[in-house]
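Colleague: What follows is a single structure, and I will ask about it in a moment.
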Amino acid sequence: MNVLVIYFSQTGGTEKIAKMIQKGILNSGNKCEIAKIKSVDTNCLKDFDLIGIGTPTFFFREPINVRTFIQKMKNTDGKHCFVFCTHGSLIGNTFFYMNEELIKKRYLVVGTFDSYSESSIQFYPKIMHTIKHPDDIEIKEAENFGESICDISLRVKNGEIDLIPKFELIENTWWAKQSKALTPELLRKFYPKFKINIDNCVKCLTCQESCPVDAINVEVNPPEIQKEGCIFCAYCEKLCPEGAIEADWTMTRKGAKGNLKGYVKALREAELQGKFRPYVDYEKII
Ligand SMILES: Cc1cc2nc3c(=O)[nH]c(=O)nc-3n(C[C@H](O)[C@H](O)[C@H](O)COP(=O)(O)O)c2cc1C
């Protein structure tokens, strides 16, 4: 089987998992290429028997650039794919929404894999509960998933349709309500307005080149940032080596503080089920 693993990753968690899935697929005697989502021309997907798409969770679902990528994919006649994701405490409806878009393109999702990963979000504390994830156990689980996924695809083709994962939209939780409300329009209002301080900007292009959706242009005067299509990841602000991107997070921090309790609750539940291993004392996170 010829597999393509496509991933979006900013802080490296999803990339780690993508590489381990690729390793597992190669271990299983199949071919596997790997590519960053921004570099993938959707026309090439026809050359592969199985497609994997990996993403971080943003705002309890898949980020806008991943959704747009799937929307650009050509219709198939039931080609198999799998989805994977890294997240902080709550994966939310990430897989449901990815599957929803993939079905429209007549892809069949035959497997899912998710892992906790260190989350770093500008409006939360610097050290978060998920520090040191994905850990060795999750890394191994990703490799095992890779080793099994081609076989699962074959078995589904041979009629074992009970292996096909089922997806349920979760609607009545605090996070599901937030996720539904956080449309790109609302995010635009809720997010601080970023400014590029031209006295500090040395036009190193770090922000521009790392923007997943090309929503930054520092080569014009005045420089442009958070242009149409911005996915509100705030990665540009985090990366700028000169601290030239300015944002006032005071209001966002206040608004999001209540969520931390919800995250800890979800992680404690996951811990009880053996799905999460903490490497930091929750009480120390403020
Ligand atoms: C803007 C933003 C929103 C996020 N929203 C969520 C979320 O809703 N649920 C969650 O569990 N993690 C959330 N995270 C954390 C990321 O999913 C997590 O850090 C992910 O593993 C990052 O993947 P990467 O290292 O491949 O970039 C968010 C991170 C960012 C930057």
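Order determines the names: the first chain of the structure tokens is A, the second B, and so forth; residues in each chain are numbered 1 upward, and ligands are numbered 1 upward as they are shown.
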Which residues are near ligand 1 - at most 9 Å, using only C-alpha atoms and all ligand atoms? Format: as a PyMOL selection string.
Modeller: chain A and resi 7-17+54-63+85-92+94+115-122+130+133-134+175+179+231-235+263
Colleague: Restricted to N, CA and C atoms, what would the selected residues look like written as a short mmCIF file (atom, residue, chain, number, x, y, z; two decimals), in the first residue's frame?
Modeller:
```cif
data_model
loop_
_atom_site.label_atom_id
_atom_site.label_comp_id
_atom_site.auth_asym_id
_atom_site.auth_seq_id
_atom_site.Cartn_x
_atom_site.Cartn_y
_atom_site.Cartn_z
N TYR A 7 0.39 16.50 7.61
CA TYR A 7 0.14 17.04 8.95
C TYR A 7 0.34 18.55 9.01
N PHE A 8 -0.40 19.14 9.96
CA PHE A 8 -0.20 20.54 10.33
C PHE A 8 0.35 20.51 11.75
N SER A 9 1.42 21.21 12.00
CA SER A 9 1.98 21.24 13.35
C SER A 9 2.73 22.54 13.55
N GLN A 10 2.54 23.18 14.69
CA GLN A 10 3.29 24.40 14.95
C GLN A 10 4.36 24.17 15.99
N THR A 11 3.97 23.61 17.14
CA THR A 11 4.97 23.46 18.20
C THR A 11 5.60 22.06 18.21
N GLY A 12 5.28 21.25 17.21
CA GLY A 12 6.02 20.00 17.02
C GLY A 12 5.34 18.74 17.53
N GLY A 13 4.26 18.86 18.31
CA GLY A 13 3.60 17.66 18.85
C GLY A 13 3.02 16.78 17.76
N THR A 14 2.26 17.39 16.87
CA THR A 14 1.61 16.60 15.81
C THR A 14 2.66 16.05 14.85
N GLU A 15 3.73 16.82 14.66
CA GLU A 15 4.81 16.36 13.77
C GLU A 15 5.45 15.08 14.34
N LYS A 16 5.70 15.07 15.67
CA LYS A 16 6.28 13.89 16.31
C LYS A 16 5.41 12.67 16.07
N ILE A 17 4.09 12.87 16.28
CA ILE A 17 3.15 11.75 16.12
C ILE A 17 3.11 11.32 14.66
N GLY A 54 -3.25 14.82 9.88
CA GLY A 54 -3.05 15.09 11.31
C GLY A 54 -3.06 16.57 11.61
N THR A 55 -3.55 16.91 12.79
CA THR A 55 -3.73 18.31 13.16
C THR A 55 -3.71 18.49 14.67
N PRO A 56 -3.36 19.68 15.13
CA PRO A 56 -3.66 19.99 16.53
C PRO A 56 -5.14 20.34 16.65
N THR A 57 -5.69 20.24 17.83
CA THR A 57 -7.05 20.77 18.08
C THR A 57 -6.93 22.25 18.38
N PHE A 58 -7.74 23.06 17.72
CA PHE A 58 -7.83 24.48 18.06
C PHE A 58 -9.29 24.77 18.38
N PHE A 59 -9.54 25.35 19.53
CA PHE A 59 -10.90 25.74 19.91
C PHE A 59 -11.87 24.55 19.79
N PHE A 60 -11.39 23.39 20.27
CA PHE A 60 -12.19 22.16 20.39
C PHE A 60 -12.60 21.54 19.05
N ARG A 61 -11.88 21.89 18.00
CA ARG A 61 -12.17 21.27 16.69
C ARG A 61 -10.93 21.41 15.79
N GLU A 62 -11.07 21.10 14.52
CA GLU A 62 -9.90 21.22 13.64
C GLU A 62 -9.70 22.69 13.26
N PRO A 63 -8.43 23.13 13.12
CA PRO A 63 -8.21 24.53 12.74
C PRO A 63 -8.74 24.82 11.33
N CYS A 85 -4.61 13.46 15.71
CA CYS A 85 -4.69 14.78 16.32
C CYS A 85 -3.90 14.81 17.62
N THR A 86 -3.29 15.97 17.90
CA THR A 86 -2.76 16.18 19.25
C THR A 86 -3.52 17.34 19.88
N HIS A 87 -3.61 17.32 21.19
CA HIS A 87 -4.44 18.31 21.87
C HIS A 87 -3.94 18.49 23.29
N GLY A 88 -4.42 19.59 23.92
CA GLY A 88 -4.18 19.77 25.35
C GLY A 88 -5.17 18.87 26.06
N SER A 89 -6.06 19.45 26.86
CA SER A 89 -6.92 18.55 27.64
C SER A 89 -8.15 18.06 26.88
N LEU A 90 -8.64 18.83 25.91
CA LEU A 90 -9.92 18.46 25.30
C LEU A 90 -9.87 18.41 23.77
N ILE A 91 -9.95 17.22 23.24
CA ILE A 91 -9.95 17.04 21.78
C ILE A 91 -11.24 17.56 21.15
N GLY A 92 -12.29 17.65 21.97
CA GLY A 92 -13.56 18.20 21.50
C GLY A 92 -14.12 17.42 20.32
N THR A 94 -13.02 17.47 17.22
CA THR A 94 -12.05 17.51 16.11
C THR A 94 -12.31 16.42 15.07
N SER A 115 -3.44 12.02 20.71
CA SER A 115 -2.48 12.04 21.81
C SER A 115 -2.52 13.39 22.51
N TYR A 116 -2.26 13.38 23.79
CA TYR A 116 -2.03 14.66 24.47
C TYR A 116 -0.71 15.20 23.97
N SER A 117 -0.56 16.52 24.04
CA SER A 117 0.69 17.13 23.63
C SER A 117 0.84 18.43 24.40
N GLU A 118 2.07 18.83 24.61
CA GLU A 118 2.30 20.09 25.34
C GLU A 118 1.52 21.19 24.68
N SER A 119 0.66 21.86 25.44
CA SER A 119 -0.07 22.94 24.79
C SER A 119 0.51 24.28 25.24
N SER A 120 0.67 25.15 24.29
CA SER A 120 1.15 26.47 24.67
C SER A 120 0.28 27.48 23.94
N ILE A 121 -0.51 28.16 24.75
CA ILE A 121 -1.47 29.12 24.20
C ILE A 121 -1.19 30.46 24.89
N GLN A 122 -1.14 31.52 24.11
CA GLN A 122 -0.73 32.82 24.67
C GLN A 122 -1.54 33.26 25.87
N THR A 130 -0.22 19.58 30.29
CA THR A 130 0.16 18.52 29.36
C THR A 130 1.66 18.50 29.07
N HIS A 133 4.19 15.78 27.15
CA HIS A 133 3.44 14.92 26.22
C HIS A 133 3.72 15.39 24.80
N PRO A 134 3.67 14.52 23.80
CA PRO A 134 3.41 13.09 23.92
C PRO A 134 4.58 12.41 24.64
N TRP A 175 -17.64 23.16 26.77
CA TRP A 175 -16.68 23.44 25.70
C TRP A 175 -17.34 23.36 24.33
N SER A 179 -17.19 26.18 21.62
CA SER A 179 -16.63 25.88 20.29
C SER A 179 -17.59 26.33 19.19
N ILE A 231 -6.00 32.33 11.29
CA ILE A 231 -6.66 31.25 12.05
C ILE A 231 -6.52 31.46 13.57
N PHE A 232 -6.01 32.60 13.97
CA PHE A 232 -5.94 33.00 15.37
C PHE A 232 -5.12 32.02 16.22
N CYS A 233 -4.02 31.57 15.67
CA CYS A 233 -3.15 30.67 16.43
C CYS A 233 -2.16 31.46 17.27
N ALA A 234 -1.92 32.72 16.90
CA ALA A 234 -0.99 33.61 17.63
C ALA A 234 0.45 33.11 17.60
N TYR A 235 0.73 32.23 16.69
CA TYR A 235 2.07 31.66 16.60
C TYR A 235 3.09 32.73 16.21
N TYR A 263 -10.46 22.21 32.16
CA TYR A 263 -9.36 21.39 31.64
C TYR A 263 -8.87 20.40 32.69
#
```
Colleague: Enumerate as an MDAnalysis selection string all residues of range 102-157 of chain A assigned to alpha helix (DSSP H) by DSSP on the backbone, naming them with the chain letters and numbers the document uses.
Modeller: chainID A and resid 102:104 136:157
Colleague: Residues near range 251-257 of chain A, anyone? I mean within 7 Å using only C-alpha atoms, not counting same-chain ones fewer than 3 positions away, as a ChimeraX atom specification.
Modeller: /A:123-124,190-191,260
Colleague: Could you please take those selected residues and save N, CA and C atoms as a PDB file, in the first residue's frame?
Modeller:
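selection.pdb was written with the following content:
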```pdb
ATOM      1  N   PHE A 123      -2.840  32.901  25.902  1.00  0.00           N
ATOM      2  CA  PHE A 123      -3.654  33.428  26.997  1.00  0.00           C
ATOM      3  C   PHE A 123      -3.794  32.466  28.175  1.00  0.00           C
ATOM      4  N   TYR A 124      -2.943  31.427  28.216  1.00  0.00           N
ATOM      5  CA  TYR A 124      -2.912  30.526  29.362  1.00  0.00           C
ATOM      6  C   TYR A 124      -1.528  30.543  29.993  1.00  0.00           C
ATOM      7  N   PHE A 190     -12.903  38.686  19.567  1.00  0.00           N
ATOM      8  CA  PHE A 190     -12.458  38.272  20.894  1.00  0.00           C
ATOM      9  C   PHE A 190     -10.929  38.332  21.014  1.00  0.00           C
ATOM     10  N   TYR A 191     -10.253  38.202  19.897  1.00  0.00           N
ATOM     11  CA  TYR A 191      -8.798  38.223  19.910  1.00  0.00           C
ATOM     12  C   TYR A 191      -8.278  39.651  19.946  1.00  0.00           C
ATOM     13  N   LEU A 260      -9.719  26.891  32.602  1.00  0.00           N
ATOM     14  CA  LEU A 260      -8.663  26.059  33.194  1.00  0.00           C
ATOM     15  C   LEU A 260      -9.241  25.010  34.139  1.00  0.00           C
TER      16      LEU A 260
END
```
Colleague: What is the CA of Val110 in chain A to CA of Leu272 in chain A distance in Å?
Modeller: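 Calculated distance between CA of Val110 in chain A and CA of Leu272 in chain A is 28.0 Å.
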Colleague: Using DSSP on the backbone, list every residue of range 40-173 of chain A that comes out as strand (DSSP E or B), and give them as a ChimeraX atom specification.
Modeller: /A:50-56,58,61,80-87,108-116
Colleague: Counting only C-alpha atoms, which residue out of A:Leu50, A:Leu102, A:Lys19, A:Val66 sits closest to Ala35 in chain A?
Modeller: A:Lys19
Colleague: Between CA of Ile21 in chain A and CA of Asn144 in chain A, what is the distance, to one decimal in Å?
Modeller: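 Those two atoms sit 7.6 Å apart.
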Colleague: Using only C-alpha atoms, pick whichever of A:Ile196, A:Lys140, A:Glu219, A:Arg268 has the shortest atom-to-atom distance to Cys236 in chain A.
Modeller: A:Ile196
Colleague: Do you know which residues are at most 12 Å from Ser28 in chain A counting only C-alpha atoms, after dropping those on the same chain fewer than 3 positions away, and could you put them as a PyMOL selection string?
Modeller: chain A and resi 1-3+21-25+31-32+143-152
Colleague: How far is it from CA of Thr68 in chain A to CA of Glu246 in chain A, in Å with one decimal?
Modeller: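 That distance, rounded to one decimal, is 27.8 Å.
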Colleague: Would you list the contacts of Gly111 in chain A as a list in words, taking every protein, DNA or RNA residue within 8 Å and counting only C-alpha atoms, but skipping same-chain residues closer than 5 positions in sequence?
Modeller: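 Residues meeting the cut-off are Cys81, Phe82, Val83, Ile149, Ile152, Ile164 and Pro165 of chain A.
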Colleague: Selected residues, C-alpha atoms, written as an mmCIF file, in the first residue's frame, please.
Modeller:
```cif
data_model
loop_
_atom_site.group_PDB
_atom_site.id
_atom_site.type_symbol
_atom_site.label_atom_id
_atom_site.label_comp_id
_atom_site.auth_asym_id
_atom_site.auth_seq_id
_atom_site.Cartn_x
_atom_site.Cartn_y
_atom_site.Cartn_z
ATOM 1 C CA CYS A 81 -8.061 7.750 5.001
ATOM 2 C CA PHE A 82 -7.265 8.117 8.690
ATOM 3 C CA VAL A 83 -7.180 11.147 10.951
ATOM 4 C CA ILE A 149 -3.553 0.988 9.838
ATOM 5 C CA ILE A 152 -7.254 -2.292 8.981
ATOM 6 C CA ILE A 164 -14.944 1.639 10.697
ATOM 7 C CA PRO A 165 -14.891 4.210 13.511
#
```
